[in-house]
Amino acid sequence: MSEHEQDRNAVISRVLEERKHQPGALLPILHGIQDVLGYIPREAIAQIAQALNLSRAEIHGVVSFYHHFRTSPPGRHTVYLCRAESCQSMGANQLVEHAKAKLGVDFHETTRDGAFTLEPIYCLGNCACSPAMMIDEEVYGRVTPKRFEEVVRTVKEAA
Ligand code: FES
């Protein structure tokens, strides 16, 4: 077993130990694992099922129901595109289509090079500068398709 796998399994075991006796433990466990690892590994599903005496299918059902949970590692950067009302009225839908085409992914997916994961978000509190997006912690306003490409290129080159 690699060092990475050992670390990952240690995280899963620790979160299970801390939370498995809570009422409704499944969601807190899933959040706990994803908060540390960035995703829910396949191996975690088997361990959670065993600890909570549930079937793997039940765990999968919950993980796939909530878009928040991911089952593969996220990209090095996460691009959040605002889908809320103000941004929509200022062209967010076209921006979303452009971003998906440029990155070659749908929402909740990661680019093949592992650089970007694309996620929707519902209001970044930057409505005055709609349409808005956030990459990692940085918020950008008045994002045109051209500006989107520039920012994405800059973020990627800075990595
Ligand atoms: S609606 Fe997009 S930032 Fe508020």
# chains A, B, ... in the order shown; residues from 1 in each chain; ligands from 1
call {"tool": "select_by_dssp", "arguments": {"residues": "stretch 3-146 of chain A", "states": "strand (DSSP E or B)", "output": "CSV table (one decimal) with C-alpha atoms, in the first residue's frame"}}
result
chain,number,residue,atom,x,y,z
A,77,HIS,CA,-8.5,24.9,-9.1
A,78,THR,CA,-12.2,25.1,-8.8
A,79,VAL,CA,-14.1,27.5,-11.1
A,80,TYR,CA,-17.5,28.5,-9.7
A,81,LEU,CA,-19.9,30.1,-12.1
A,82,CYS,CA,-22.8,32.1,-10.6
A,110,THR,CA,-12.7,18.0,-13.9
A,116,PHE,CA,-10.0,22.8,-13.3
A,117,THR,CA,-13.2,21.5,-11.8
A,118,LEU,CA,-16.3,23.4,-12.9
A,119,GLU,CA,-19.1,24.0,-10.3
A,120,PRO,CA,-22.3,26.1,-10.3
A,121,ILE,CA,-22.8,28.5,-7.4
A,133,MET,CA,-17.4,33.8,-11.1
A,134,MET,CA,-14.9,32.7,-8.5
A,135,ILE,CA,-11.8,30.7,-8.9
A,138,GLU,CA,-10.8,34.9,-5.9
A,139,VAL,CA,-14.1,36.6,-7.1
A,140,TYR,CA,-14.3,38.1,-10.6
call {"tool": "residues_near_ligand", "arguments": {"ligand": "ligand 1", "cutoff": "8 Å", "atoms": "only C-alpha atoms and all ligand atoms", "output": "PyMOL selection string"}}
result
chain A and resi 82-88+122-133
call {"tool": "select_by_dssp", "arguments": {"residues": "stretch 2-156 of chain A", "states": "alpha helix (DSSP H)", "output": "ChimeraX atom specification"}}
result
/A:3-19,26-37,42-52,56-65,85-89,92-103,145-156
call {"tool": "closest_residue", "arguments": {"among": "A:Val143, A:Val151, A:Val15, A:Ala92", "to": "A:Val36", "atoms": "only C-alpha atoms"}}
result
A:Val15
call {"tool": "atom_distance", "arguments": {"atom1": "atom CA of A:Gly91", "atom2": "atom CA of A:Arg147"}}
result
13.4 Å
call {"tool": "closest_residue", "arguments": {"among": "A:Asp7, A:Glu149, A:Glu58, A:Glu157", "to": "A:Leu26", "atoms": "only C-alpha atoms"}}
result
A:Glu58
call {"tool": "residues_around", "arguments": {"residues": "stretch 38-46 of chain A", "least_positions_apart": "4", "cutoff": "8 Å", "atoms": "only C-alpha atoms", "output": "ChimeraX atom specification"}}
result
/A:9,12,30,33-34,50,56,59-60,69-74
call {"tool": "atom_distance", "arguments": {"atom1": "atom CA of A:Leu52", "atom2": "atom CA of A:Lys20"}}
result
6.8 Å
